[in-house]
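See below for the structure under consideration.
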Amino acid sequence: MRAGGGGIVVRFTLNGREVEVTTRPNATLLDLLRNELKILSVRRGCETGECGMCTVLVDGLPVRSCLMLAPQVDGRSVTTVEGVGDPERLHPVQEAFVEAGAVQCGFCTPAMVLTAKALLDRDPNPDERTVREAILGVLCRCTGYAKIVRAVRLAAERVAGGVRE
Amino acid sequence: MLPEFEYHRPASLEEAVRLLSELGPDAKVIAGGTDLVVKMRAGLVSPRHVVDLSRLTEIRFIRDGGDRLKIGAGTTLWEIENSEDVARGVPVLREAVEEMASWHVKTTATIGGNLCNASPAADTAPPLMVHDATLVVVGPEGRREVPIGEFFTGPGQTVLGVGEILVEVVVPKMRQGQGAAFEKLTVREGALSIASAAALVEISGGRFVDARVALGAVAPTPIRALKVERALKGRPATREVLRSASREAKADIKPITDVRGSREYREEMSVVLVRRALERAVERAGGVWA
Amino acid sequence: MSSSSVLEEIRRAEEFLVVGKGVWRIDALDKVTGRARFTSDFVLKDALHVRLVKSPIPHGRIIEIDAERALGLGPVRVFTAADIPGENQVGYALPDQPLLPADKVRYVGEPVALVAAPDEDLAEKAAELVEVRYEELPAVFDPLEAMERSDVLVHEDRGTNIAEMTRVRKGNVERGFEESDVVVENTYRTGHQEHAPLETEGAVAIPDTQGGVTVIASIQYPHLCQRITARVLGLPHSMVRVIQPYVGGGFGGKDDMGPVVSAMAALVAFKTGKPAVLVYSRRDSFTSTCKRDPSVVRYKTGATRDGRLKAIEVQIILDSGAYANRGPYVLWRATMHAGGPYEVPNAKVDGFLVYTNKVFEGSFRGFGNPQVQFAAESQLDELAERLGMDPLEIRLKNLLRPGSRTITDQLLESSVGIYEAVKLLGEKTGFRAKWREYRRERAGRVRRGIGIACGYHGISTSRGVPDWSNATVILGRDGSVTVETGICEIGQGSWTAHAQIAAEVLGVPVERVKVVGGTSDAPDTGATHASRGSSIGGIGVYVAAKRLRERLAEAAARLLECDPSDVEIREGRAFRRDSPDDYVEWEELVQAAYSMGYEMSATGYFFLPKGKFDMERGLGYAYPAFSYIANVAEVEVDLETGKVRVVRVWPALAAGRILNPVLVEGQIEGAIAQGMGYALTEELKFEDGRMLNPNFTDYLIPTSLDVPEVEAPIYVEDLYEYGPFGAKGVGEMALIPTPAAIMNAVKNATGVRITEIPATPEKVYFHLKEAGVVAGE
Ligand SMILES: Cc1cc2nc3c(=O)[nH]c(=O)nc-3n(C[C@H](O)[C@H](O)[C@H](O)COP(=O)(O)OP(=O)(O)OC[C@H]3O[C@@H](n4cnc5c(N)ncnc54)[C@H](O)[C@@H]3O)c2cc1C
Ligand code: FES
Ligand code: FES
């Protein structure tokens with residue numbers, strides 16, 4: 001496959017739905033999601049891979065969408081926080097973030113929620129250190145992380161405790 | 001804003017090599033993009049063509065080859081960190097990878113990218129150097145093997161010619177009686193190294209029968225600390241020997257002052273990191289302090 | 001309304017239904033689902049994207065700005081100082097700062113022109129093609145040097161690089177030192193700190209049909225943005241509307257930068273008739289926004305043998321960078337807080353704000369106070385050491401108490417809870433025993449230490465400048481409650497606290513209350529800074545809600561056929577106190593009040609009276625009240641590398657009523673992390689005025705693996721009579737003593753006093769080596 005100047009068609013699954021978009025080959029996945037698809041929960045914080053605000057899950061694993069070229073997601077599955085839960089059906093992680101007071105300005109929250117979900121999907125009962133290691137790649141300037149870590153562990157307890165429907 | 005380029009996704013290694021030799025020096029390969037995209041955005045590189053290797057399963061594997069481990073260049077750092085084979089055969093590599101970047105970066109960043117980017121601070125280099133790894137390169141002229149010690153030629157520079165791709169890293173496994181360790185100094189967790197060191201030792205009869213030490217971020221390329229090694233080999237495994245050998249590190253390195261640290265600090269820390277890596281390596285080798 | 005009656009009422013109330021509870025944030029749902037919208041999310045069709053053209057040199061005359069090549073790229077517009085229709089002035093304390101400079105640039109990164117284009121890439125390319133010719137001028141970077149020089153002037157018209165001088169003269173310091181048995185003198189240095197909000201600065205401006213503009217921006221004070229934008233455009237204030245969407249962290253920086261980015265975006269919108277989007281890149285956010293002022297503090301302290309403070313003599317030099325911005329206020333705050341929360345009978349403090357050719361400085365959580373508390377609290381430990389006392393003892397001897405006077409000679413009648421807080425903290429942490437043990441041990445490569453530091457922080461405006469609060473509360477016919485306030489929500493949770501206050505006063509569940517804030521459409525409530533968001537801001541809500549409650553009580557009395565004073569309204573029901581089963585539902589009550597002709601909206605304006613302040617001697621009424629804090633920090637120091645790890649921090653807070661413990665804890669935990677970054681890792685490096693690390697790769701803010709465990713805070717609720725329910729400010733507190741607590745712990749661990757932050761591993765290592773604690777390699 002090859003594409004230049006004009007545009008390139010990318011097909012992938014976004015939050016469970018098939019999408020097909022034409023994008024510039026030099027667009028990043030972040031550009032594609034924010035500018036073309038208007039997924040605004042994916043945020044631009046640095047564009048150098050350091051802050052984690054642009055986190056999305058690709059095939060279930062967290063990645064930096066600002067460092068991935070848009071054509072690189074062709075055929076893969078992308079999850080943003082919109083695909084995790086909505087106000088009527090919050091994911092246990094989202095519920096726990098609300099309850100534990102893990103949200104302040106909220107700019108980092110989608111990235112944190114996605115990372116926590118990816119972690120719990122692999123490891124339903126992570127210890128504190130594991131949680132801290134998992135969110136290392138998402139900076140938060142407001143909370144000092146304590147309540148975020150608590151929220152992830154609270155969510156784990158709930159899920160493990162069969163609170164999930 | 002990224003420079004404008006054409007995007008290519010070859011379906012096989014063979015196609016990739018052909019494509020690269022057609023496109024010539026204006027082409028760059030991309031794997032995880034965690035170095036390349038950052039550099040493109042900063043305007044440090046502006047390739048006209050970008051060739052995507054991230055789907056080539058041919059170069060994405062961890063294979064047991066008896067006394068050696070073969071790691072495909074397209075293997076992600078996250079896969080390496082989670083590999084039992086790596087944990088058993090090359091634990092010092094795993095130790096280094098564990099301390100690199102973050103989960104989010106490691107899910108896409110590859111070992112091949114880390115090596116080919118050729119940063120003096122590339123954290124997978126010192127462990128692979130103490131393991132005397134061999135790099136397998138494929139290009140228009142066919143396949144060749146490069147000892148890792150000869151791979152780096154300067155900051156951001158390697159022996160790779162136009163159209164050549166790194167496909168595999170072959171790492172001799174740890175043997176009975178050997179021990180290895182990695183040390184990295186950063187200002188903060190997940191940050192880039194001020195300096196790093198890996199050590200691998202083999203002890204027999206209370207003496208160092210083998211000792212290999214490599215350092216990162218203290219010279220234009222990752223380097224072996226040959227003077228330190230010489231000061232250890234054949235000598236008794238005592239703290240005193242180890243301490244004085246570590247001091248030789250200063251003569252092995254050529255550090256600069258940059259935003260991460262001064263030359264003076266790097267000099268002193270090289271000694272500390274080498275000593276600490278050696279101490280832990282000796283313990284892991286089952287060494288008893290004489 | 002009489003304030004004492006409010007306090008009385010609150011003291012009588014035994015229990016609150018909403019206040020003091022860990023109510024969930026009212027904005028949390030939007031934020032966890034990703035629906036919260038920030039400035040950069042408002043990109044409208046046909047919008048122009050704006051990029052900055054920045055100065056590459058630290059000091060120079062602008063000879064020519066040539067936009068020809070940029071304009072040749074396509075539909076590009078370029079704006080310079082010449083295009084500004086109104087007054088080209090955004091200076092806050094002094095009129096020294098142009099929006100875009102006309103004659104000369106004063107720091108690397110200063111925006112000299114704005115480039116606008118229909119797409120981002122085009123705007124970026126065009127910005128690179130704008131050619132600015134400069135005549136370079138000699139530059140000055142070190143504030144100590146700048147103070148002395150008059151040949152290199154950052155602002156020629158001022159004739160000096162000293163932008164402001166402040167002073168406090170209390171008692172007689174000469175005598176104070178004579179009476180002292182020990183005198184300790186040291187010089188302390190602190191570096192820049194970048195706010196690093198995860199959302200960078202930005203503004204979206206939309207022209208309206210009447211020739212005005214609406215600005216959506218990342219801000220902390222909508223009415224200030226309105227005033228400055230109107231000034232730059234030459235419009236009446238009423239023609240500029242400013243709205244705050246969600247803001248991704250402020251910490252003070254967006255208080256200062258909000259007006260600048262608003263005016264820039266508005267200029268483009270105004271001139272082109274099209275919406276304009278300006279979002280700073282991370283690099284812009286580093287190179288071209290204000291920072292915490294670096295400081296040099298020379299500090300001399302004297303005390304008697306029994307540990308009583310006798311005198312301090314302090315010189316504070318703040319490096320203001322290229323513009324004064326808030327500097328004079330920052331300096332005044334630093335000056336008036338220079339003594340720490342202690343009784344100091346004799347004080348002489350001199351402050352200097354100095355221009356240099358570096359990025360300008362400004363508001364940042366703590367506002368000048370962290371710099372001086374670092375010095376003051378380090379001094380105290382040094383003094384204790386000389387006296388053979390422990391750090392706890394010397395503090396308990398000197399802490400402010402009700403009836404004490406501050407160094408500006410202000411009498412503190414009440415609401416001074418620091419003594420009790422420190423006592424409790426000492427007990428909880430087992431401070432003395434640990435401190436002695438670590439001091440005795442001091443062996444091995446990795447050493448442990450424990451340190452304590454205190455802080456205090458005047459809330460609201462200073463030096464007798466009156467403060468005020470204002471809010472509107474509106475009851476809908478369906479019983480819904482709207483609170484309108486100018487206070488911004490920047491993550492600190494003020495809107496949640498406002499909703500709690502309104503709910504408590506009105507007697508409705510908090511879910512019924514909606515807060516519309518951060519907009520110039522609401523009453524001017526002042527800035528969301530100085531820890532005043534929930535405390536001062538909340539008073540207006542309290543007063544307005546109280547007015548409505550009185551009307552509702554009258555209406556209810558008519559329905560329940562009783563006296564208004566017998567009416568109780570709680571949890572959405574009004575009833576007679578003696579027969580709770582006989583009630584009226586809230587909706588019904590509101591509707592009835594409407595039909596009876598009661599006005600169901602009220603404004604709550606509250607003017608905070610202030611005493612006198614003598615600027616000559618720096619004496620008098622500095623602040624209406626102070627919040628107090630003490631932190632104990634436990635650290636590990638790796639002697640061989642110089643790396644300091646903060647293991648644990650125990651905070652104790654005396655900030656009046658704790659309105660919402662979850663929010664307060666969040667503020668404390670966040671402030672400690674930010675204070676730790678300030679103390680240890682966050683370092684901006686410059687070479688000839690050029691920033692070497694304008695990125696998160698090498699400007700290192702704490703991650704999840706760096707932050708210490710923060711223990712549950714100790715609260716001493718020293719109620720403040722003018723605060724809503726007795727609350728004082730919280731937001732800035734825990735950052736203020738954190739650097740000193742950490743460095744005092746490092747001293748305890750190693751025996752070495754580090755007088756310079758950030759104490760990066762390299763700096764600590766060389767200090768230890770110099771002190772002979774490590775041999776070096
Ligand atoms: C936030 C962050 C933190 C980081 N932390 C660390 C750290 O702690 N330690 C560290 O060492 N690095 C770190 N890095 C750098 C980077 O992540 C690693 O170097 C990574 O391994 C690069 O792999 P990649 O697949 O992303 O490479 P890419 O960016 O895809 O490629 C890098 C370079 O190698 C070339 N290349 C890639 N694969 C091949 C191949 N098979 N054959 C030939 N050439 C090839 C590319 O053309 C390019 O020039 C960090 C990066 C970020 C963004
Ligand atoms: S935007 Fe900061 S990591 Fe991608
Ligand atoms: S909540 Fe503000 S950055 Fe995390």
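Just remember, in the structure tokens the first chain shown is A, the second B, etc., residues are 1-based per chain, and ligands are 1-based in the order shown.
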Write out as an NGL selection string the set of residues from segment 345-568 of chain C that DSSP, computed on the backbone, places in strand (DSSP E). :C and (346-355 or 446-459 or 467-475 or 481-484 or 513-516 or 567-568)
Which residues form the shell of 7 Å around ligand 2 when you count only C-alpha atoms and all ligand atoms, given as a VMD selection string? chain A and resid 43 to 55 64 to 67
Do me a favour and pick out the residues of chain C within 8 Å of chain A, using only C-alpha atoms, as an MDAnalysis selection string. chainID C and resid 24:25 28:37 41 196:200 246:249 281:283 489:493 662:663 666:667 669:674 695:697 701:705 707 709:710
Please identify every residue of chain B that has at least one atom no farther than 9 Å from an atom of chain C, counting only C-alpha atoms, and for each give the shortest atom pair and the distance in Å to one decimal, arranged by chain then increasing number, as a tab-separated table.
```
residue	atom	partner	partner_atom	distance
B:Met1	CA	C:Asp121	CA	6.2
B:Leu2	CA	C:Asp121	CA	8.9
B:Leu185	CA	C:Thr641	CA	8.0
B:Thr186	CA	C:Pro761	CA	8.6
B:Val187	CA	C:Thr681	CA	6.4
B:Arg188	CA	C:Leu700	CA	6.8
B:Glu189	CA	C:Leu705	CA	6.4
B:Gly190	CA	C:Thr703	CA	8.3
B:Ala191	CA	C:Thr697	CA	7.0
B:Leu192	CA	C:Thr697	CA	7.6
B:Arg247	CA	C:Glu777	CA	6.9
B:Val259	CA	C:Leu692	CA	6.8
B:Arg260	CA	C:Asp698	CA	7.2
B:Gly261	CA	C:Glu762	CA	7.2
B:Ser262	CA	C:Glu762	CA	8.2
B:Tyr265	CA	C:Glu762	CA	6.4
B:Glu267	CA	C:Glu777	CA	8.3
B:Glu268	CA	C:Glu777	CA	5.3
B:Met269	CA	C:Thr641	CA	6.7
B:Val271	CA	C:Glu777	CA	6.5
B:Val272	CA	C:Glu640	CA	6.9
B:Leu273	CA	C:Thr641	CA	8.9
```
Rounded to one decimal place, report the atom CA of Ala11 of chain B-atom CA of Ala118 of chain A distance in Å.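 Computing it gives 29.1 Å between the two atoms.
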Please write out the residues within 7 Å of ligand 1 as a VMD selection string, counting only C-alpha atoms and all ligand atoms. (chain A and resid 48 to 50) or (chain B and resid 28 to 37 73 to 74 77 99 to 102 105 to 106 108 to 117 121 to 124 164 to 167 190 to 193)
So that I can see what lies close to segment 275-277 of chain C, please list as an NGL selection string the residues with an atom at most 8 Å from it, counting only C-alpha atoms and leaving out residues fewer than 2 positions away in the same chain. :C and (40 or 43-44 or 46-50 or 116 or 202-207 or 265-266 or 268-269 or 273 or 279)
Any chance you could list, as a count of residues only, the residues in segment 71-162 of chain B that come up alpha helix (DSSP H) when DSSP is run on the backbone? 36
Using only C-alpha atoms, which protein or nucleic acid residues come within 10 Å of Val19 of chain A? Drop anything in the same chain fewer than 2 positions from it, and give the result as an NGL selection string. :A and (10-17 or 21 or 37 or 74-75)
So, with only C-alpha atoms as the atoms that count, which of A:Val63, A:Leu120, A:Ala156, A:Ala70 lies closest to chain B?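 When distances to chain B are compared using only C-alpha atoms, the smallest one comes from A:Val63.
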